[in-house]
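Below is structure.txt, holding compact mmCIF, C-alpha atoms.
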```txt
# COMPACT_ATOMS: atom_id res chain seq x y z
CA MET A 21 168.45 157.70 25.67
CA ILE A 22 168.07 154.49 23.68
CA ILE A 23 171.08 153.10 21.82
CA SER A 24 170.69 150.05 19.67
CA ILE A 25 173.51 147.84 18.46
CA ALA A 26 172.91 146.28 15.07
CA SER A 27 174.78 144.90 12.07
CA GLY A 28 173.92 143.72 8.62
CA LYS A 29 176.23 140.72 8.81
CA GLY A 30 175.96 138.31 11.71
CA GLY A 31 178.86 137.45 13.99
CA THR A 32 180.52 140.85 13.80
CA GLY A 33 180.44 141.56 17.54
CA LYS A 34 177.08 143.19 18.35
CA THR A 35 176.70 141.46 21.69
CA THR A 36 180.33 142.12 22.63
CA ILE A 37 179.86 145.84 22.01
CA ALA A 38 176.42 145.98 23.64
CA VAL A 39 177.52 144.13 26.80
CA ASN A 40 180.70 146.14 27.28
CA LEU A 41 178.95 149.42 26.57
CA ALA A 42 176.38 148.55 29.24
CA LEU A 43 179.16 147.64 31.68
CA SER A 44 180.75 151.07 31.11
CA LEU A 45 177.57 152.91 32.11
CA GLU A 46 175.65 153.69 35.28
CA ASN A 47 171.86 153.62 35.51
CA VAL A 48 171.57 151.37 32.50
CA GLN A 49 169.04 148.94 31.14
CA PHE A 50 169.94 146.16 28.72
CA LEU A 51 167.41 144.66 26.29
CA ASP A 52 168.43 141.62 24.28
CA CYS A 53 166.07 141.79 21.31
CA ASP A 54 167.74 138.95 19.41
CA VAL A 55 164.88 136.73 20.55
CA GLU A 56 165.67 133.95 18.09
CA GLU A 57 169.02 133.36 19.71
CA PRO A 58 169.52 135.59 22.74
CA ASN A 59 173.04 135.32 24.15
CA ALA A 60 173.76 138.51 26.14
CA HIS A 61 172.72 136.69 29.33
CA LEU A 62 175.74 134.42 28.89
CA PHE A 63 177.97 137.44 29.49
CA LEU A 64 175.87 139.51 31.90
CA LYS A 65 174.64 136.48 33.90
CA PRO A 66 171.55 138.23 35.25
CA VAL A 67 169.50 136.85 38.10
CA ILE A 68 166.04 136.45 36.55
CA SER A 69 163.26 137.65 38.84
CA GLU A 70 160.26 137.79 36.50
CA ARG A 71 159.19 135.45 33.73
CA MET A 72 156.18 136.27 31.54
CA SER A 73 154.62 134.37 28.64
CA ALA A 74 154.29 136.34 25.41
CA TYR A 75 151.30 135.80 23.17
CA ILE A 76 149.97 136.89 19.81
CA PRO A 77 146.27 136.88 19.01
CA ILE A 78 145.46 134.47 16.19
CA PRO A 79 142.09 134.07 14.50
CA GLU A 80 139.64 131.30 15.23
CA VAL A 81 136.69 130.89 12.88
CA ALA A 82 133.19 129.99 14.05
CA GLU A 83 132.29 127.64 11.21
CA GLU A 84 128.56 127.78 11.90
CA THR A 85 128.55 131.58 11.36
CA CYS A 86 131.12 131.80 8.53
CA ASP A 87 129.79 131.84 4.97
CA CYS A 88 133.26 131.63 3.36
CA CYS A 89 132.93 135.09 1.80
CA GLY A 90 136.72 135.35 1.62
CA ARG A 91 137.05 138.81 3.17
CA CYS A 92 139.53 137.62 5.84
CA GLN A 93 141.76 136.07 3.21
CA GLU A 94 141.70 139.30 1.15
CA VAL A 95 142.72 141.51 4.07
CA CYS A 96 145.43 139.21 5.41
CA ALA A 97 148.71 140.82 4.36
CA PHE A 98 150.68 137.69 5.23
CA ASN A 99 148.73 135.07 3.26
CA SER A 100 148.01 133.21 6.47
CA ILE A 101 144.34 132.50 5.72
CA ALA A 102 143.00 130.36 2.91
CA VAL A 103 139.30 130.34 2.14
CA LEU A 104 138.30 127.48 -0.09
CA PRO A 105 135.04 128.11 -1.89
CA GLY A 106 132.11 125.79 -1.46
CA GLU A 107 131.77 124.64 -5.07
CA ILE A 108 134.32 121.88 -4.88
CA ARG A 109 133.26 120.47 -1.56
CA GLU A 110 129.74 120.95 -0.35
CA HIS A 111 130.73 123.48 2.29
CA GLY A 112 133.65 125.80 1.90
CA SER A 113 136.41 125.83 4.46
CA VAL A 114 138.73 128.34 6.08
CA LEU A 115 142.31 127.34 6.83
CA ILE A 116 144.34 129.33 9.33
CA PHE A 117 148.12 129.06 9.02
CA SER A 118 148.95 130.34 12.48
CA HIS A 119 152.73 130.23 11.97
CA LEU A 120 152.39 132.92 9.28
CA CYS A 121 150.00 135.12 11.31
CA HIS A 122 151.40 138.40 12.68
CA GLY A 123 148.43 138.90 15.00
CA CYS A 124 147.41 142.19 13.36
CA GLY A 125 143.70 141.54 13.93
CA ALA A 126 142.51 142.73 10.49
CA CYS A 127 140.59 139.51 9.78
CA SER A 128 138.52 139.61 12.95
CA LEU A 129 137.94 143.36 12.69
CA LEU A 130 136.75 143.21 9.08
CA CYS A 131 134.76 139.96 9.09
CA PRO A 132 131.26 141.05 7.96
CA LEU A 133 129.62 138.27 9.98
CA ASP A 134 131.73 138.61 13.14
CA ALA A 135 132.65 134.99 12.71
CA ILE A 136 136.29 135.41 13.76
CA ARG A 137 137.45 135.72 17.33
CA GLU A 138 141.01 136.04 18.48
CA VAL A 139 142.66 133.48 20.70
CA ASN A 140 146.05 133.83 22.34
CA LYS A 141 148.89 131.70 21.10
CA GLU A 142 152.11 131.61 23.14
CA ILE A 143 155.12 132.52 21.00
CA GLY A 144 157.79 132.79 23.69
CA ILE A 145 158.70 134.28 27.03
CA VAL A 146 160.06 137.57 28.34
CA GLU A 147 162.48 137.38 31.26
CA LYS A 148 163.50 140.27 33.45
CA GLY A 149 166.23 140.49 36.02
CA PHE A 150 169.33 142.26 37.32
CA SER A 151 173.04 141.88 36.73
CA ASN A 152 175.45 144.03 38.78
CA GLY A 153 173.07 146.98 38.79
CA ILE A 154 172.15 146.56 35.12
CA GLN A 155 168.46 146.01 34.60
CA PHE A 156 168.19 143.14 32.15
CA VAL A 157 165.32 142.10 29.85
CA HIS A 158 165.33 139.55 27.06
CA GLY A 159 162.89 137.53 24.99
CA LYS A 160 163.12 133.87 24.08
CA LEU A 161 161.13 132.82 21.05
CA ASN A 162 159.66 129.32 21.26
CA ILE A 163 161.51 126.77 19.16
CA GLY A 164 159.82 126.36 15.77
CA GLU A 165 158.11 129.75 16.02
CA ALA A 166 158.80 132.01 13.03
CA MET A 167 157.24 135.28 14.16
CA SER A 168 159.73 137.26 16.24
CA PRO A 169 158.59 140.94 15.85
CA PRO A 170 155.60 140.59 18.22
CA LEU A 171 157.92 139.18 20.91
CA ILE A 172 160.47 141.94 20.28
CA ARG A 173 157.67 144.50 20.79
CA GLN A 174 156.85 142.87 24.10
CA VAL A 175 160.50 143.03 25.21
CA LYS A 176 160.60 146.72 24.25
CA LYS A 177 157.50 147.47 26.34
CA HIS A 178 159.84 147.22 29.33
CA VAL A 179 162.01 150.16 28.18
CA ASP A 180 162.71 152.40 31.18
CA PRO A 181 163.04 155.99 29.90
CA THR A 182 164.79 157.10 33.11
CA LYS A 183 167.76 154.89 32.20
CA THR A 184 170.23 154.66 29.35
CA VAL A 185 168.83 151.77 27.33
CA ILE A 186 171.12 149.47 25.35
CA ILE A 187 169.35 147.30 22.78
CA ASP A 188 171.15 144.29 21.34
CA ALA A 189 169.45 143.75 17.96
CA PRO A 190 169.37 140.62 15.82
CA PRO A 191 171.57 140.56 12.69
CA GLY A 192 170.34 141.41 9.21
CA THR A 193 168.05 144.11 7.86
CA THR A 194 164.63 142.44 8.00
CA CYS A 195 161.52 143.01 10.15
CA PRO A 196 163.00 141.78 13.46
CA VAL A 197 165.90 144.21 13.11
CA ILE A 198 163.66 147.13 12.20
CA GLU A 199 161.37 146.29 15.14
CA SER A 200 164.41 146.28 17.46
CA VAL A 201 166.11 149.50 16.33
CA LYS A 202 163.12 151.73 15.57
CA GLY A 203 162.59 154.39 18.19
CA SER A 204 166.29 154.40 19.09
CA ASP A 205 168.05 157.74 19.48
CA TYR A 206 171.17 156.26 17.94
CA CYS A 207 172.26 153.01 16.36
CA ILE A 208 175.76 151.55 16.37
CA LEU A 209 176.46 149.33 13.37
CA VAL A 210 179.15 146.78 14.12
CA THR A 211 180.96 145.43 11.10
CA GLU A 212 184.23 143.96 9.89
CA PRO A 213 186.38 145.10 6.96
CA THR A 214 185.56 142.24 4.60
CA PRO A 215 183.50 142.19 1.39
CA PHE A 216 180.66 140.50 3.30
CA GLY A 217 180.93 143.00 6.13
CA LEU A 218 180.77 145.94 3.74
CA ASN A 219 177.96 144.51 1.62
CA ASP A 220 175.72 143.97 4.65
CA LEU A 221 176.77 147.26 6.24
CA VAL A 222 175.56 149.15 3.17
CA LEU A 223 172.18 147.41 3.46
CA ALA A 224 171.96 148.25 7.16
CA VAL A 225 172.85 151.90 6.47
CA GLU A 226 170.05 152.11 3.89
CA MET A 227 167.63 150.61 6.39
CA LEU A 228 168.57 153.13 9.11
CA LYS A 229 168.31 156.05 6.69
CA THR A 230 164.84 154.85 5.72
CA ILE A 231 163.60 154.64 9.31
CA GLY A 232 165.44 157.83 10.30
CA VAL A 233 167.73 156.60 13.09
CA PRO A 234 171.16 158.31 13.26
CA PHE A 235 174.12 155.94 13.27
CA GLY A 236 177.85 155.35 13.42
CA ILE A 237 180.15 152.40 12.78
CA ILE A 238 182.29 150.25 15.03
CA LEU A 239 184.88 148.35 13.05
CA ASN A 240 185.66 145.04 14.70
CA ARG A 241 188.68 142.90 13.74
CA TYR A 242 189.82 145.98 11.81
CA ASP A 243 193.21 144.45 11.01
CA ILE A 244 191.79 141.65 8.86
CA GLY A 245 190.42 142.17 5.33
CA ASP A 246 191.05 145.51 3.65
CA ASP A 247 190.18 149.21 3.91
CA CYS A 248 186.81 148.88 2.13
CA VAL A 249 184.73 149.91 5.17
CA ASP A 250 187.01 152.87 5.99
CA VAL A 251 186.71 154.11 2.41
CA TYR A 252 182.93 153.66 2.43
CA ALA A 253 182.57 155.44 5.78
CA ARG A 254 184.72 158.35 4.60
CA GLU A 255 182.91 158.71 1.29
CA ASN A 256 179.52 158.61 3.01
CA ARG A 257 180.57 160.71 6.00
CA ILE A 258 179.61 158.07 8.52
CA PRO A 259 181.56 158.33 11.79
CA VAL A 260 183.77 155.38 12.74
CA LEU A 261 183.32 155.37 16.50
CA MET A 262 185.79 152.69 17.49
CA LYS A 263 188.17 150.13 16.04
CA ILE A 264 188.88 146.81 17.71
CA PRO A 265 191.70 144.54 16.52
CA PHE A 266 191.48 140.80 15.86
CA ASP A 267 192.66 139.85 19.33
CA ARG A 268 193.08 136.31 20.61
CA GLU A 269 192.49 137.41 24.21
CA ILE A 270 189.11 138.93 23.34
CA ALA A 271 188.12 135.74 21.53
CA SER A 272 189.26 133.69 24.50
CA LEU A 273 187.23 135.81 26.95
CA TYR A 274 184.22 135.52 24.66
CA SER A 275 184.51 131.75 24.56
CA LYS A 276 184.35 131.71 28.38
CA GLY A 277 181.34 134.00 28.51
CA LEU A 278 183.36 136.90 29.91
CA PRO A 279 183.16 140.56 28.90
CA ILE A 280 186.16 142.72 27.93
CA ILE A 281 185.45 145.34 30.59
CA GLY A 282 186.97 144.13 33.84
CA TYR A 283 189.31 141.70 32.09
CA LYS A 284 191.28 143.88 29.66
CA SER A 285 191.85 147.18 31.41
CA GLU A 286 193.11 149.03 28.31
CA TYR A 287 189.53 148.84 26.98
CA ASP A 288 188.10 150.82 29.93
CA SER A 289 189.36 154.00 28.31
CA GLU A 290 188.36 152.87 24.82
CA PHE A 291 184.76 152.47 25.94
CA LYS A 292 184.94 155.77 27.87
CA LYS A 293 185.95 157.47 24.61
CA LEU A 294 183.01 155.79 22.91
CA LEU A 295 180.64 157.15 25.59
CA ILE A 296 181.94 160.67 24.97
CA LYS A 297 181.36 160.30 21.23
CA LEU A 298 177.81 159.17 22.01
CA ASN A 299 177.29 162.10 24.42
CA LEU A 300 176.74 159.72 27.32
CA ASN A 301 177.85 160.13 30.89
CA PRO A 302 179.69 157.13 32.30
CA MET B 2 138.24 118.11 -16.77
CA LYS B 3 140.40 121.05 -15.79
CA ILE B 4 143.87 120.39 -14.44
CA CYS B 5 146.84 122.64 -13.74
CA ILE B 6 150.45 122.11 -14.72
CA THR B 7 153.14 124.39 -13.31
CA SER B 8 155.15 125.72 -16.22
CA GLU B 9 158.20 127.81 -17.09
CA GLY B 10 156.47 129.17 -20.19
CA THR B 11 153.07 129.84 -21.70
CA THR B 12 152.74 127.10 -24.31
CA LEU B 13 152.03 123.37 -24.17
CA ASP B 14 155.65 122.76 -25.18
CA SER B 15 157.06 124.72 -22.26
CA ASN B 16 158.97 122.90 -19.58
CA ILE B 17 157.38 122.01 -16.26
CA ASP B 18 158.35 124.39 -13.46
CA PRO B 19 159.31 122.05 -10.58
CA ARG B 20 157.99 124.49 -7.94
CA PHE B 21 154.30 124.76 -7.18
CA GLY B 22 153.75 127.85 -5.02
CA ARG B 23 156.44 129.90 -6.73
CA CYS B 24 156.22 128.58 -10.28
CA ARG B 25 156.44 131.02 -13.20
CA TYR B 26 153.09 130.15 -14.82
CA PHE B 27 150.08 128.03 -14.07
CA MET B 28 148.84 126.28 -17.20
CA ILE B 29 145.17 125.54 -16.71
CA VAL B 30 144.31 122.88 -19.28
CA ASP B 31 141.01 121.25 -20.20
CA THR B 32 142.08 117.64 -20.74
CA ASP B 33 139.15 116.92 -23.06
CA THR B 34 139.64 119.78 -25.52
CA MET B 35 143.30 120.67 -24.75
CA GLU B 36 142.21 124.29 -24.50
CA PHE B 37 144.46 126.12 -22.08
CA GLN B 38 145.03 129.35 -20.23
CA ALA B 39 148.45 130.47 -18.91
CA ILE B 40 148.24 132.41 -15.66
CA ASP B 41 151.11 134.57 -14.50
CA ASN B 42 151.88 133.58 -10.89
CA ALA B 43 151.43 136.74 -8.83
CA SER B 44 152.68 134.94 -5.70
CA MET B 45 156.05 134.08 -7.21
CA GLN B 46 157.77 136.83 -5.20
CA ALA B 47 155.62 136.71 -2.05
CA SER B 48 157.72 136.70 1.10
CA GLY B 49 155.50 134.08 2.65
CA GLY B 50 152.36 132.13 1.94
CA ALA B 51 153.01 131.63 -1.79
CA GLY B 52 151.82 128.03 -1.63
CA ILE B 53 148.63 129.07 0.15
CA GLN B 54 147.86 131.77 -2.40
CA SER B 55 148.61 129.45 -5.28
CA GLY B 56 146.49 126.72 -3.73
CA GLN B 57 143.56 129.09 -3.41
CA LEU B 58 143.95 130.18 -7.00
CA MET B 59 143.66 126.52 -8.04
CA ALA B 60 140.47 126.18 -6.02
CA SER B 61 138.99 129.36 -7.49
CA LYS B 62 139.78 128.10 -11.02
CA LYS B 63 137.99 124.84 -10.14
CA VAL B 64 141.01 122.78 -11.03
CA ARG B 65 140.66 119.07 -10.14
CA ALA B 66 144.34 118.09 -10.21
CA VAL B 67 147.74 119.74 -10.05
CA LEU B 68 150.81 118.32 -11.83
CA THR B 69 154.11 119.74 -10.61
CA GLY B 70 157.61 118.90 -9.38
CA ASN B 71 157.27 119.48 -5.68
CA VAL B 72 154.72 120.80 -3.24
CA GLY B 73 155.37 122.35 0.18
CA PRO B 74 153.39 121.80 3.40
CA ASN B 75 151.15 124.89 3.21
CA ALA B 76 150.29 124.34 -0.45
CA PHE B 77 149.61 120.68 0.24
CA GLN B 78 147.18 121.49 3.04
CA THR B 79 145.39 124.15 0.98
CA LEU B 80 145.05 121.95 -2.10
CA GLN B 81 143.80 119.07 0.02
CA ALA B 82 141.20 121.26 1.70
CA GLY B 83 140.11 122.33 -1.77
CA GLY B 84 139.69 118.70 -2.77
CA ILE B 85 142.35 118.98 -5.46
CA GLU B 86 144.49 115.96 -6.33
CA ILE B 87 148.26 116.51 -6.34
CA PHE B 88 150.79 114.75 -8.54
CA THR B 89 154.46 115.53 -7.90
CA GLY B 90 157.73 114.46 -9.48
CA VAL B 91 156.38 115.48 -12.87
CA SER B 92 158.95 116.68 -15.44
CA GLY B 93 159.33 117.24 -19.18
CA THR B 94 156.94 119.46 -21.12
CA VAL B 95 153.39 120.43 -20.26
CA ARG B 96 152.06 118.40 -23.21
CA GLU B 97 153.98 115.27 -22.17
CA ALA B 98 152.71 115.61 -18.61
CA ILE B 99 149.09 115.83 -19.77
CA GLU B 100 149.51 112.73 -21.97
CA LYS B 101 151.02 110.73 -19.12
CA TYR B 102 148.31 111.98 -16.77
CA LYS B 103 145.61 110.80 -19.17
CA GLU B 104 147.31 107.39 -19.33
CA GLY B 105 147.18 107.25 -15.55
CA ALA B 106 150.97 107.10 -15.27
CA PHE B 107 151.23 109.29 -12.16
CA LYS B 108 150.56 108.36 -8.58
CA LYS B 109 148.80 110.75 -6.21
CA THR B 110 151.04 112.44 -3.66
CA GLN B 111 150.22 111.63 -0.05
CA GLY B 112 152.10 114.48 1.63
CA PRO B 113 154.30 117.52 1.07
CA THR B 114 157.46 116.67 -0.87
CA VAL B 115 159.57 119.64 0.21
CA SER B 116 159.83 121.86 3.28
CA ALA B 117 158.36 125.36 3.56
CA LYS B 118 160.18 128.16 1.67
CA LYS B 119 161.99 125.64 -0.55
CA GLY B 120 160.71 127.34 -3.69
CA MET B 121 162.56 130.52 -2.74
CA SER B 122 165.98 129.02 -3.39
```

Mind turning this structure into structure tokens?
Amino acid sequence: MIISIASGKGGTGKTTIAVNLALSLENVQFLDCDVEEPNAHLFLKPVISERMSAYIPIPEVAEETCDCCGRCQEVCAFNSIAVLPGEIREHGSVLIFSHLCHGCGACSLLCPLDAIREVNKEIGIVEKGFSNGIQFVHGKLNIGEAMSPPLIRQVKKHVDPTKTVIIDAPPGTTCPVIESVKGSDYCILVTEPTPFGLNDLVLAVEMLKTIGVPFGIILNRYDIGDDCVDVYARENRIPVLMKIPFDREIASLYSKGLPIIGYKSEYDSEFKKLLIKLNLNP
Amino acid sequence: MKICITSEGTTLDSNIDPRFGRCRYFMIVDTDTMEFQAIDNASMQASGGAGIQSGQLMASKKVRAVLTGNVGPNAFQTLQAGGIEIFTGVSGTVREAIEKYKEGAFKKTQGPTVSAKKGMS
């Protein structure tokens, strides 16, 4: 079973929930798919045993073969190729904007002259390890690199279907989030009862409905703000799986890189209840 | 000679749109006859690569110079590869910009004047 932890708004407590959920389970695998700023390792402190470079294939044009027909530029869905016609300068030119390339391969596949070959460009690394029996995998996107979905896909290649898989997703509702949560059996949306929290929750709910992943809500810092999320959840029949108060001790543990499980014993049973709601065996 | 001025409207008295890649209209003007064509910018809402698309459009229209407010790094590179001169910091109306251009009042831009994605804000 794959459970992803996501949120529209950032900073609502995704990693806190994901880490403590993993610590409440046996035979579990943890994937940190927030490759732009992975932080679950700060809490789980895994011993990394494998480190692999992650690449995407980007086009390289053989100028002597290319006649600047413009087909590659037409088929590129991400505007990452510019073909400048030959009329202005004597020979035309092809510009590749590799930071916009998603590595889909359409340009090289559809080049009528076979003038494009693909070369690997490193976009980040995938690290694998263990933390107290939890199998841990995360991706680290290279600084300055904009294209995270290909790296997220490479992290998710390590999914072990014999384990309960917890995926810590990036915030928001854009491509990296969709890449992280798609294929999950269930998604937990962590939010807070503020206008921002609700606004971004609604967007995340629409996203999950579109990709067909069932979901429930965890309301963090439920005693700040107002009842807007409760009302929304009730009206839309979305289960609220758990409520966590705005607690100084939790914030203090977080600031030291410590999880709740093992440090605040009253939460052992709270997370057990969550497992039951998710039909998971501890 | 054909030049392009980024514009908020479709007439010579429209204001300059300070963005290049994500401007509202491209005014392609023949500086000799003052004949012009207003082109709706299809890349205005592109999630990425608007400057590249717009730069290519300029090349395909055989424009020799672009007058605009600012130009980002991708647009700059594309326009340069297309051999198109870039003049930034241009404001006022399209007509005023053309007059000043003819007088040689603008200096060519040597590099991008804003960062990528700036035109989205």

(request) Select, from A:Lys263, A:Lys202, A:His122, A:Lys183, the residue with the minimum atom-to-atom distance to Leu45 (chain A), counting only C-alpha atoms. (result)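 Checking each of A:Lys263, A:Lys202, A:His122, A:Lys183 against Leu45 (chain A), counting only C-alpha atoms, the winner is A:Lys183.
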
* Asked: What's the 8 Å shell around Gly49 (chain B), counting all atoms listed in the file, without same-chain residues fewer than 6 positions away, as a list in words?
  -> Phe98, Asn99 and Leu120 of chain A; Lys118 of chain B

Give me the residues near region 59-63 of chain B as an mmCIF file with C-alpha atoms, in the frame of the given file, where near means some atom within 9 Å (using all atoms listed in the file) and where sequence neighbours in that chain fewer than 6 positions away do not count.
```cif
data_model
loop_
_atom_site.group_PDB
_atom_site.id
_atom_site.type_symbol
_atom_site.label_atom_id
_atom_site.label_comp_id
_atom_site.auth_asym_id
_atom_site.auth_seq_id
_atom_site.Cartn_x
_atom_site.Cartn_y
_atom_site.Cartn_z
ATOM 1 C CA LEU A 104 138.300 127.480 -0.090
ATOM 2 C CA PRO A 105 135.040 128.110 -1.890
ATOM 3 C CA GLU A 107 131.770 124.640 -5.070
ATOM 4 C CA ILE A 108 134.320 121.880 -4.880
ATOM 5 C CA LYS B 3 140.400 121.050 -15.790
ATOM 6 C CA ILE B 4 143.870 120.390 -14.440
ATOM 7 C CA CYS B 5 146.840 122.640 -13.740
ATOM 8 C CA PHE B 27 150.080 128.030 -14.070
ATOM 9 C CA ILE B 29 145.170 125.540 -16.710
ATOM 10 C CA THR B 79 145.390 124.150 0.980
ATOM 11 C CA LEU B 80 145.050 121.950 -2.100
ATOM 12 C CA GLY B 83 140.110 122.330 -1.770
ATOM 13 C CA GLY B 84 139.690 118.700 -2.770
ATOM 14 C CA ILE B 85 142.350 118.980 -5.460
#
```

Which chain A residues are at most 12 Å from chain B (counting only C-alpha atoms), as a PDB file with C-alpha atoms, in the coordinates of the input?
```pdb
ATOM      1  CA  GLY A  90     136.720 135.350   1.620  1.00  0.00           C
ATOM      2  CA  GLN A  93     141.760 136.070   3.210  1.00  0.00           C
ATOM      3  CA  GLU A  94     141.700 139.300   1.150  1.00  0.00           C
ATOM      4  CA  CYS A  96     145.430 139.210   5.410  1.00  0.00           C
ATOM      5  CA  ALA A  97     148.710 140.820   4.360  1.00  0.00           C
ATOM      6  CA  PHE A  98     150.680 137.690   5.230  1.00  0.00           C
ATOM      7  CA  ASN A  99     148.730 135.070   3.260  1.00  0.00           C
ATOM      8  CA  SER A 100     148.010 133.210   6.470  1.00  0.00           C
ATOM      9  CA  ILE A 101     144.340 132.500   5.720  1.00  0.00           C
ATOM     10  CA  ALA A 102     143.000 130.360   2.910  1.00  0.00           C
ATOM     11  CA  VAL A 103     139.300 130.340   2.140  1.00  0.00           C
ATOM     12  CA  LEU A 104     138.300 127.480  -0.090  1.00  0.00           C
ATOM     13  CA  PRO A 105     135.040 128.110  -1.890  1.00  0.00           C
ATOM     14  CA  GLY A 106     132.110 125.790  -1.460  1.00  0.00           C
ATOM     15  CA  GLU A 107     131.770 124.640  -5.070  1.00  0.00           C
ATOM     16  CA  ILE A 108     134.320 121.880  -4.880  1.00  0.00           C
ATOM     17  CA  ARG A 109     133.260 120.470  -1.560  1.00  0.00           C
ATOM     18  CA  GLU A 110     129.740 120.950  -0.350  1.00  0.00           C
ATOM     19  CA  HIS A 111     130.730 123.480   2.290  1.00  0.00           C
ATOM     20  CA  GLY A 112     133.650 125.800   1.900  1.00  0.00           C
ATOM     21  CA  SER A 113     136.410 125.830   4.460  1.00  0.00           C
ATOM     22  CA  VAL A 114     138.730 128.340   6.080  1.00  0.00           C
ATOM     23  CA  LEU A 115     142.310 127.340   6.830  1.00  0.00           C
ATOM     24  CA  ILE A 116     144.340 129.330   9.330  1.00  0.00           C
ATOM     25  CA  PHE A 117     148.120 129.060   9.020  1.00  0.00           C
ATOM     26  CA  SER A 118     148.950 130.340  12.480  1.00  0.00           C
ATOM     27  CA  HIS A 119     152.730 130.230  11.970  1.00  0.00           C
ATOM     28  CA  LEU A 120     152.390 132.920   9.280  1.00  0.00           C
ATOM     29  CA  CYS A 121     150.000 135.120  11.310  1.00  0.00           C
ATOM     30  CA  HIS A 122     151.400 138.400  12.680  1.00  0.00           C
ATOM     31  CA  ALA A 166     158.800 132.010  13.030  1.00  0.00           C
ATOM     32  CA  MET A 167     157.240 135.280  14.160  1.00  0.00           C
ATOM     33  CA  THR A 194     164.630 142.440   8.000  1.00  0.00           C
ATOM     34  CA  CYS A 195     161.520 143.010  10.150  1.00  0.00           C
TER      35      CYS A 195
END
```

**Close residues, region 56-69 of chain A itself excluded, 8 Å, only C-alpha atoms, min 3 positions apart in chain, as a VMD selection string** = chain A and resid 35 39 52 to 53 147 to 152 156 158 to 161 168 188 190 277 to 279

Write the residues of the preceding selection, restricted to C-alpha atoms, as a CSV table (one decimal), keeping the file's coordinate frame.
```csv
chain,number,residue,atom,x,y,z
A,35,THR,CA,176.7,141.5,21.7
A,39,VAL,CA,177.5,144.1,26.8
A,52,ASP,CA,168.4,141.6,24.3
A,53,CYS,CA,166.1,141.8,21.3
A,147,GLU,CA,162.5,137.4,31.3
A,148,LYS,CA,163.5,140.3,33.4
A,149,GLY,CA,166.2,140.5,36.0
A,150,PHE,CA,169.3,142.3,37.3
A,151,SER,CA,173.0,141.9,36.7
A,152,ASN,CA,175.4,144.0,38.8
A,156,PHE,CA,168.2,143.1,32.2
A,158,HIS,CA,165.3,139.6,27.1
A,159,GLY,CA,162.9,137.5,25.0
A,160,LYS,CA,163.1,133.9,24.1
A,161,LEU,CA,161.1,132.8,21.0
A,168,SER,CA,159.7,137.3,16.2
A,188,ASP,CA,171.2,144.3,21.3
A,190,PRO,CA,169.4,140.6,15.8
A,277,GLY,CA,181.3,134.0,28.5
A,278,LEU,CA,183.4,136.9,29.9
A,279,PRO,CA,183.2,140.6,28.9
```

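Separating CA of Leu130 (chain A) from CA of Glu83 (chain A) is a distance of 16.3 Å.
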
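Note that the spacing between CA of Glu84 (chain A) and CA of Cys124 (chain A) amounts to 23.8 Å.
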
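If you measure from each of A:Ser275, A:Asn219, A:Ser44, A:Ser200 to Leu171 (chain A) using only C-alpha atoms, the closest one turns out to be A:Ser200.
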
Check your understanding: Hey, can you check how far CA of Val233 (chain A) sits from CA of Cys248 (chain A)?
Key ->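 Between CA of Val233 (chain A) and CA of Cys248 (chain A) the gap works out to 23.3 Å.
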
Please identify all polymer residues within 8 Å of Pro77 (chain A), counting all atoms listed in the file, omitting same-chain residues fewer than 5 positions from it, and present them as a PyMOL selection string. chain A and resi 123-125+138-141

Open item on the list: Please determine, counting all atoms listed in the file, which residue among A:Arg241, A:Arg91, A:Arg268, A:Lys176 has the shortest atom-to-atom distance to Val210 (chain A).
Closed with: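 Comparing A:Arg241, A:Arg91, A:Arg268, A:Lys176 against Val210 (chain A), the winner is A:Arg241.
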
One residue among A:Thr214, A:Thr85, A:Thr182, A:Asn40 is nearest to Met21 (chain A) when using all atoms listed in the file, and that residue is A:Thr182

Which centre and edge lengths in Å to one decimal define the box along x, y and z that fits every listed atom of region 57-65 of chain B plus 6 Å per side, as JSON?
```
{"center_x": 141.0, "center_y": 124.6, "center_z": -7.2, "size_x": 18.0, "size_y": 23.1, "size_z": 19.6}
```

For Glu97 (chain B), find every residue with an atom within 10 Å (counting only C-alpha atoms), except residues of its own chain fewer than 6 positions away, and show them as a PyMOL selection string. chain B and resi 13-17+91+103

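Nearest to Gly10 (chain B) of all the residues B:Val95, B:Val67, B:Met45, B:Val30 is B:Val95, counting all atoms listed in the file.
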
Assuming the input is short of atoms at region 26-31 of chain B, produce N, CA and C atoms for that part as a short mmCIF file (atom, residue, chain, number, x, y, z; two decimals), in the frame of the given file.
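New file part-v5.cif:
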```cif
data_model
loop_
_atom_site.label_atom_id
_atom_site.label_comp_id
_atom_site.auth_asym_id
_atom_site.auth_seq_id
_atom_site.Cartn_x
_atom_site.Cartn_y
_atom_site.Cartn_z
N TYR B 26 154.46 130.10 -14.29
CA TYR B 26 153.09 130.15 -14.82
C TYR B 26 152.29 128.94 -14.38
N PHE B 27 151.00 129.15 -14.24
CA PHE B 27 150.08 128.03 -14.07
C PHE B 27 149.41 127.80 -15.42
N MET B 28 149.54 126.61 -15.95
CA MET B 28 148.84 126.28 -17.20
C MET B 28 147.57 125.53 -16.82
N ILE B 29 146.45 126.19 -17.01
CA ILE B 29 145.17 125.54 -16.71
C ILE B 29 144.66 124.92 -18.01
N VAL B 30 144.60 123.59 -18.03
CA VAL B 30 144.31 122.88 -19.28
C VAL B 30 143.02 122.06 -19.13
N ASP B 31 142.18 122.13 -20.13
CA ASP B 31 141.01 121.25 -20.20
C ASP B 31 141.47 119.97 -20.91
#
```
